[in-house]
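Asker: So that we are looking at the same thing, I have put the structure below in C-alpha cells.
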Amino acid sequence: MAFAGKGIYQAGIEKDISAERLEMHFLKDGNNYVVKPGIRKMVIFAQHDLVKNPPYCNMHFISCRNLLIYMTPFLQKKIFSMLLFGLKRDGYLFLGSSENPVPIIKNLEMVNKKWKIYKNIETKRTVSFDAFSFPELLDSKRSLSTISLADTSKNAVNSLADAINTSLANDLDYLAICVNEKNEVVKSYGDTKKYLLPLHFNSQLTELLPKSLAVAFNTLSTSALKTNERTALDGIKIKRDGVVVQVNLSVNPLAIKKEEKLLIVTFTEDKLSSPANQEGLLFDEKIQQDQYTVNLEEELKELKDKLLSTVEQLDASNENMQSYNEELLSANEEMQSTNEEMQSVNEELDTINADYQLKNKELLEINDDLNNYFRSNLNGQLFINNDLQLMKFSPGAVKLINLLDSDIGRPISNISTNIKFETIIKDIQEVLVKGHVITKEIETNNGKWYQIMTMPYVHQADNKNSGAIITFNDITEIKKTQLELDQKNKSLLRINADLDNFILAASHDLLGPLGNIETSISVMNTITSAEPELLDFINIINSSIKKFRLLITDIAAIAKVESDMVAMESVDIDDIIDNVEWSLEENIQKSGAKIVRDIKVKQIVFSKKNLRSIVYNLISNAIKFKRDEPLVIKIRTVKDGKNTILAVEDNGQGIPKKSLDKIFEMYGRLRQDIEGSGIGLYLAKKIINAAGGNIIVESEPGKGSKFIVHFIAEMDYPVVAASLN
C-alpha cells in the first residue's frame, strides 16, 4: 500500500470522518489526534520522489489524491505511467476528485466514479516510454526571425522614431525596407506601392519585387553579406502604371548587436538620366542575370552541402536512437529483473516485519509482566544508573522513600528517605566498582526492620555492570520471631544444662548404691547354698544388676552426646579399622568373620573417637546378626563430589523392610534373644546427624545389610560432632 499527497486519514480528518470513527483509529491528545500504536506499526513512512525515483512494485493499493492537479499534462502522463507500472494486477488506484487517469484509462476499470477508485486490469506490466526522456536530435539552428519580427513590429507601432522615419521617407520619396539574412521583411518605411508587387500573406522580399529588381537585389544582398559593405545599382527599369521608370537600388548591412544579420534595402526613383549624377553602377540586365545565375548555383551548392550534412546528422541521430533503443530494452530487462528482486526483497521484508511484530508482541508482554510484577511486589525496588541517578522504582518503595514520577533522573542523594541508612551512597558505589552484593538490616524511623540488598544491574549481552538494584525486604516479623527464638534458646539451654546436671548427678548417685549392691551380691555368691531356688534367684539378681549398670551408662552416654562437642580432625580410616579389629579380635575369631577393605578415600574429616564408635558399632552388629554361612564384611570409602561416603556391607540375616526405621530408635531392638541394649545405632545416627551428615540402610532378609554413611565436606567455619565413649 502506498500513499502520495494527502493521506486518506488526513483528508478524512479535515472533512469526512466523524468523531466516533476518529476514536476507532486515533487517540485524543489535547486538541490533537494521534494515530493508535496498532495502526502506526502497520505503516512504513518513506520519502519518494514520484518524478525521479522508480515506482514501488506489486502494490495492492496506491493513493495519489489532489497532487497531480498541480503538474503539467506531460508530467501527469509520465506519473500515471509509473503508477500503473507499480500497481499489481487487481490492485486499486485512489485519485482525487479533480484527477482523471486519461493516459492509462484503457488499463483500468472504474470501481467507484464518485470517489475516483480504479482497478488495474493490465495482465502484464510494461514500461511506458513516456516515463523516460529521449536524447535531443541534431536539429538545425532555431531561427529568431519570427520572434525578432514580432518583437520589432510590436514595439515599433507607436514609436516616435518610426513616425519620423516614415515622414522622412515620404518627403524624400524613397522606400527603405529592413530584411534579415533570409530576405524576410522585418520593417519598412515609405510607400511600398511604388516598388513592390501587391502580394498578401508573404514576407519574402524577393517574391514581392519585380523581376529586374529581384535579380538586382539578389546580387547586391549576396555581395553585401559577403563583404559586409554597401552595394548599389542604378538605372534598373521597371514598369509602373504602364510607364517604364528607372530605379536606384542600394543594400547596406546594419551594424546592430544581434546574432542575426540585418540588411537595409533602399529604393529611389532615378529622375536624372545623366550618368554623371548616378551614384551606383548602371544596371545591365545580362550581367545581372549572369550574376544571379552564379549566385543561385552557389546557393544550390551550399544547400547540397547542408543537405549532405543534414543526412549525415540524421544517420548519426538514427544510430543514436538505435543505441538508445537497445539501452532502453536492456534497461527494461534490468528493470524486470530488479522488479523480481524487489519482489523477493519485499517477501523478505514481510518475513522480517512479521518477526519484528512477533518481537514487539513479546516485548509488550514482557513489559506488561514487568509492570504487573512491580505492582504486585510489596517489597520496594530502586534502579540506579552509573551516575547514581534514579531510573525506575516499584510502588512498594514509595512508603520508604519519598518518591514521585518526577524524581526519575534525579540523583539519589537529593531524595529524602524514611530509613536510617547513611551508607546507601557508599554501598552503591562499592557495588558499581566491585560488582558484589551487599546485604544490610536497617531499622526505619517507625520501628520496622528491612533487609536492604544492593546488587549490580548486569547487561546480559556484554555481562557488564551498568547500575545497581536496591531491594527492600520487610523482615519486621522475622526480627520479632528471631528475638523470641533467642529467648527460647536461652531458656532451653538453661533447661538442657539443668537436665545434664540432673542426669549426671542421678547417674553418679545411682552408681554408688549400685556398687554396694554389687558388693553384697558378690559376697552372697561366695556363700554356698544347697538350695537350688536360692541359686536361681542369685543368678537373676546378678543379671539384673549388670543390665541396670549398663542402662545407667547408656543414659550418661546420651547426655554426653547432647553436651560434649569436639572439633573435627583428619582421621585415617585404616587406623580406625585396625583398632576396631583389635578390640573385636575374639568375636571375629569366634564368628569366623572376614573383613574386606576397599579404601578409595583414606582420610576422613571427623571426630576420631566418634568415627571409631560408629565403625565399631556397625562391625559388632554385623557379627551379632550373622547367618550360618561364613560372614564377609566389606568396608568401602569413595568420594562423592566434595563429600565422602563410608559403606559397611555384610551377608548376614538382613532386616525386614518395615523395621528399617525402627533400628535407629532408642532401644529399638529387633530381637530380644541377642545381647545388647538397642542404643548403639541410635547413638551412631545422632553423632552423624550432629555433624551434618546422614546414615541410611539398605537390607534384604536372608541376604544381608548395607549401612551407608555420608560425611559432609569441611566448611569454612568449625564443624563439631558429639562424642561417644
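Each chain in the C-alpha cells gets a letter, A, B, ..., in the order shown, and its residues are numbered from 1; ligands are numbered from 1 in order too.
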Would you kindly return, as a PyMOL selection string, each protein, DNA or RNA residue with an atom no farther than 9 Å from any atom of Gln246 in chain A, considering only C-alpha atoms and excluding same-chain residues fewer than 2 positions away?

Answerer: chain A and resi 234-239+244+248+268-271+273

Asker: May I have the residues from that selection written out with N, CA, C and O atoms, as a short mmCIF file (atom, residue, chain, number, x, y, z; two decimals), in the first residue's frame?

Answerer:
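Result file follows (again-v6.cif):
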data_model
loop_
_atom_site.label_atom_id
_atom_site.label_comp_id
_atom_site.auth_asym_id
_atom_site.auth_seq_id
_atom_site.Cartn_x
_atom_site.Cartn_y
_atom_site.Cartn_z
N ASP A 234 22.15 51.40 -60.26
CA ASP A 234 21.28 52.47 -60.72
C ASP A 234 20.68 52.09 -62.08
O ASP A 234 21.22 51.24 -62.81
N GLY A 235 19.60 52.75 -62.41
CA GLY A 235 19.01 52.60 -63.75
C GLY A 235 18.32 51.29 -63.98
O GLY A 235 18.34 50.79 -65.11
N ILE A 236 17.74 50.73 -62.95
CA ILE A 236 17.01 49.47 -63.12
C ILE A 236 15.61 49.83 -63.62
O ILE A 236 14.87 50.58 -62.98
N LYS A 237 15.25 49.32 -64.79
CA LYS A 237 13.99 49.67 -65.42
C LYS A 237 12.88 48.73 -64.97
O LYS A 237 13.06 47.51 -64.96
N ILE A 238 11.76 49.35 -64.56
CA ILE A 238 10.56 48.58 -64.19
C ILE A 238 9.36 49.29 -64.79
O ILE A 238 9.41 50.48 -65.15
N LYS A 239 8.26 48.58 -64.95
CA LYS A 239 7.02 49.16 -65.44
C LYS A 239 6.14 49.49 -64.26
O LYS A 239 5.93 48.66 -63.39
N VAL A 244 7.52 53.03 -68.06
CA VAL A 244 8.82 52.48 -67.68
C VAL A 244 9.57 53.55 -66.90
O VAL A 244 9.74 54.68 -67.38
N ASN A 248 16.86 53.31 -58.61
CA ASN A 248 18.18 53.08 -58.00
C ASN A 248 18.00 52.19 -56.75
O ASN A 248 17.13 52.47 -55.91
N THR A 268 14.94 54.17 -54.65
CA THR A 268 14.66 55.57 -55.04
C THR A 268 14.45 55.62 -56.56
O THR A 268 15.05 54.83 -57.31
N GLU A 269 13.60 56.54 -56.99
CA GLU A 269 13.33 56.68 -58.44
C GLU A 269 14.43 57.53 -59.06
O GLU A 269 14.77 58.60 -58.55
N ASP A 270 15.00 57.02 -60.19
CA ASP A 270 16.07 57.74 -60.87
C ASP A 270 15.44 58.74 -61.83
O ASP A 270 15.04 58.39 -62.96
N LYS A 271 15.33 60.01 -61.41
CA LYS A 271 14.70 61.05 -62.24
C LYS A 271 15.72 61.76 -63.12
O LYS A 271 15.35 62.47 -64.05
N SER A 273 18.63 61.44 -65.83
CA SER A 273 19.11 60.47 -66.80
C SER A 273 20.61 60.57 -67.04
O SER A 273 21.18 59.76 -67.72
#

Asker: Report as a list in words all protein, DNA and RNA residues lying within 10 Å of range 633-635 of chain A, evaluated on only C-alpha atoms, omitting residues in the same chain fewer than 2 positions from it.

Answerer: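 Final neighbour list, sorted by chain and number: Ile577, Ala593, Lys594, Ile595, Val596, Arg597, Asp598, Ile599, Val615, Leu618, Ile619, Ala622, Ile623, Leu631, Thr637, Leu646, Ala647, Val648, Glu649, Asp650, Asn651, Gly652, Gly704, Ser705, Lys706 and Phe707 of chain A.
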
Asker: When DSSP is applied to the backbone of this structure, which of range 425-468 of chain A are assigned alpha helix (DSSP H)? Write them out as a list in words.

Answerer: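 Residues of range 425-468 of chain A classed as alpha helix (DSSP H): Ile425, Lys426, Asp427, Ile428, Gln429, Glu430, Val431, Leu432, Val433 and Lys434 of chain A.
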
Asker: Could you take the residues named above and write them with all heavy atoms, as an mmCIF file, in the first residue's frame?

Answerer:
data_model
loop_
_atom_site.group_PDB
_atom_site.id
_atom_site.type_symbol
_atom_site.label_atom_id
_atom_site.label_comp_id
_atom_site.auth_asym_id
_atom_site.auth_seq_id
_atom_site.Cartn_x
_atom_site.Cartn_y
_atom_site.Cartn_z
ATOM 1 N N ILE A 425 24.755 5.593 49.643
ATOM 2 C CA ILE A 425 25.565 6.060 48.509
ATOM 3 C C ILE A 425 26.873 5.287 48.448
ATOM 4 O O ILE A 425 27.300 4.831 47.375
ATOM 5 C CB ILE A 425 25.829 7.572 48.614
ATOM 6 C CG1 ILE A 425 24.495 8.334 48.738
ATOM 7 C CG2 ILE A 425 26.621 8.051 47.409
ATOM 8 C CD1 ILE A 425 23.596 8.181 47.546
ATOM 9 N N LYS A 426 27.494 5.101 49.607
ATOM 10 C CA LYS A 426 28.767 4.370 49.661
ATOM 11 C C LYS A 426 28.585 2.926 49.198
ATOM 12 O O LYS A 426 29.419 2.384 48.454
ATOM 13 C CB LYS A 426 29.311 4.414 51.086
ATOM 14 C CG LYS A 426 30.650 3.735 51.241
ATOM 15 C CD LYS A 426 31.136 3.832 52.678
ATOM 16 C CE LYS A 426 32.461 3.093 52.855
ATOM 17 N NZ LYS A 426 32.918 3.144 54.264
ATOM 18 N N ASP A 427 27.483 2.284 49.614
ATOM 19 C CA ASP A 427 27.230 0.892 49.206
ATOM 20 C C ASP A 427 27.016 0.792 47.699
ATOM 21 O O ASP A 427 27.506 -0.142 47.045
ATOM 22 C CB ASP A 427 26.016 0.341 49.956
ATOM 23 C CG ASP A 427 26.305 0.125 51.434
ATOM 24 O OD1 ASP A 427 27.488 0.189 51.804
ATOM 25 O OD2 ASP A 427 25.358 -0.096 52.207
ATOM 26 N N ILE A 428 26.262 1.740 47.123
ATOM 27 C CA ILE A 428 26.017 1.707 45.677
ATOM 28 C C ILE A 428 27.327 1.859 44.914
ATOM 29 O O ILE A 428 27.596 1.137 43.944
ATOM 30 C CB ILE A 428 25.019 2.811 45.277
ATOM 31 C CG1 ILE A 428 23.638 2.548 45.895
ATOM 32 C CG2 ILE A 428 24.887 2.911 43.752
ATOM 33 C CD1 ILE A 428 22.644 3.664 45.686
ATOM 34 N N GLN A 429 28.170 2.797 45.360
ATOM 35 C CA GLN A 429 29.460 2.994 44.689
ATOM 36 C C GLN A 429 30.328 1.746 44.779
ATOM 37 O O GLN A 429 30.998 1.370 43.815
ATOM 38 C CB GLN A 429 30.179 4.197 45.303
ATOM 39 C CG GLN A 429 29.491 5.530 45.006
ATOM 40 C CD GLN A 429 30.111 6.690 45.751
ATOM 41 O OE1 GLN A 429 30.839 6.478 46.730
ATOM 42 N NE2 GLN A 429 29.826 7.908 45.317
ATOM 43 N N GLU A 430 30.292 1.070 45.935
ATOM 44 C CA GLU A 430 31.089 -0.152 46.094
ATOM 45 C C GLU A 430 30.571 -1.264 45.176
ATOM 46 O O GLU A 430 31.356 -2.003 44.568
ATOM 47 C CB GLU A 430 31.037 -0.605 47.555
ATOM 48 C CG GLU A 430 31.907 -1.828 47.837
ATOM 49 C CD GLU A 430 31.893 -2.215 49.303
ATOM 50 O OE1 GLU A 430 31.409 -1.404 50.125
ATOM 51 O OE2 GLU A 430 32.346 -3.328 49.628
ATOM 52 N N VAL A 431 29.264 -1.374 45.061
ATOM 53 C CA VAL A 431 28.683 -2.393 44.171
ATOM 54 C C VAL A 431 29.039 -2.099 42.714
ATOM 55 O O VAL A 431 29.356 -3.009 41.937
ATOM 56 C CB VAL A 431 27.150 -2.446 44.359
ATOM 57 C CG1 VAL A 431 26.494 -3.223 43.231
ATOM 58 C CG2 VAL A 431 26.812 -3.074 45.700
ATOM 59 N N LEU A 432 29.004 -0.802 42.323
ATOM 60 C CA LEU A 432 29.336 -0.446 40.941
ATOM 61 C C LEU A 432 30.790 -0.754 40.614
ATOM 62 O O LEU A 432 31.118 -1.158 39.506
ATOM 63 C CB LEU A 432 29.060 1.048 40.702
ATOM 64 C CG LEU A 432 27.590 1.481 40.721
ATOM 65 C CD1 LEU A 432 27.472 2.987 40.572
ATOM 66 C CD2 LEU A 432 26.811 0.796 39.619
ATOM 67 N N VAL A 433 31.686 -0.585 41.600
ATOM 68 C CA VAL A 433 33.115 -0.805 41.354
ATOM 69 C C VAL A 433 33.459 -2.287 41.434
ATOM 70 O O VAL A 433 34.107 -2.844 40.540
ATOM 71 C CB VAL A 433 33.957 0.004 42.365
ATOM 72 C CG1 VAL A 433 35.430 -0.351 42.222
ATOM 73 C CG2 VAL A 433 33.747 1.491 42.140
ATOM 74 N N LYS A 434 33.027 -2.979 42.514
ATOM 75 C CA LYS A 434 33.445 -4.358 42.754
ATOM 76 C C LYS A 434 32.476 -5.392 42.193
ATOM 77 O O LYS A 434 32.868 -6.545 41.975
ATOM 78 C CB LYS A 434 33.624 -4.580 44.262
ATOM 79 C CG LYS A 434 34.708 -3.693 44.862
ATOM 80 C CD LYS A 434 34.886 -3.976 46.348
ATOM 81 C CE LYS A 434 35.998 -3.111 46.941
ATOM 82 N NZ LYS A 434 36.180 -3.369 48.399
#

Asker: With a distance cut-off of 9 Å and only C-alpha atoms, select the neighbouring residues of Glu477 in chain A, excluding the residue or stretch itself and same-chain residues fewer than 5 positions from it, and output the selection as a list in words.

Answerer: Lys448, Trp449 and Gln482 of chain A

Asker: Counting only C-alpha atoms, give me one row per residue of range 257-359 of chain A with an atom at most 10 Å from an atom of range 180-199 of chain A, showing the shortest contact pair and its distance in Å to one decimal, sorted by chain then residue number, as CSV.

Answerer:
residue,atom,partner,partner_atom,distance
A:Glu260,CA,A:Asn180,CA,7.1
A:Lys261,CA,A:Glu181,CA,5.6
A:Leu262,CA,A:Asn180,CA,4.4
A:Leu263,CA,A:Asn180,CA,6.1
A:Ile264,CA,A:Asn180,CA,8.9
A:Val265,CA,A:Ser188,CA,9.2
A:Thr266,CA,A:Tyr189,CA,9.5
A:Phe267,CA,A:Tyr195,CA,7.4
A:Thr268,CA,A:Tyr195,CA,9.0
A:Glu269,CA,A:Lys194,CA,9.2

Asker: CA of Lys480 in chain A and CA of Asn445 in chain A, how far apart in Å?

Answerer: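 Pair CA of Asn445 in chain A / CA of Lys480 in chain A returns 16.7 Å.
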
Asker: Excluding Lys608 in chain A and its own-chain neighbours fewer than 2 positions away, which residues fall within 6 Å of it when counting only C-alpha atoms? Please give them as a list in words.

Answerer: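 Listing them by chain and then by number gives Val571, Asn610 and Leu611 of chain A.
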
Asker: The selected residues should be written to file as an mmCIF file, in the first residue's frame (atoms: N, CA, C and O atoms).

Answerer:
data_model
loop_
_atom_site.group_PDB
_atom_site.id
_atom_site.type_symbol
_atom_site.label_atom_id
_atom_site.label_comp_id
_atom_site.auth_asym_id
_atom_site.auth_seq_id
_atom_site.Cartn_x
_atom_site.Cartn_y
_atom_site.Cartn_z
ATOM 1 N N VAL A 571 41.088 -37.988 59.938
ATOM 2 C CA VAL A 571 41.247 -39.310 60.555
ATOM 3 C C VAL A 571 41.595 -40.319 59.468
ATOM 4 O O VAL A 571 40.970 -40.331 58.402
ATOM 5 N N ASN A 610 34.578 -40.548 67.752
ATOM 6 C CA ASN A 610 33.211 -40.791 67.312
ATOM 7 C C ASN A 610 33.178 -41.677 66.065
ATOM 8 O O ASN A 610 32.302 -42.524 65.910
ATOM 9 N N LEU A 611 34.161 -41.479 65.132
ATOM 10 C CA LEU A 611 34.239 -42.326 63.954
ATOM 11 C C LEU A 611 34.543 -43.771 64.351
ATOM 12 O O LEU A 611 33.988 -44.713 63.785
#
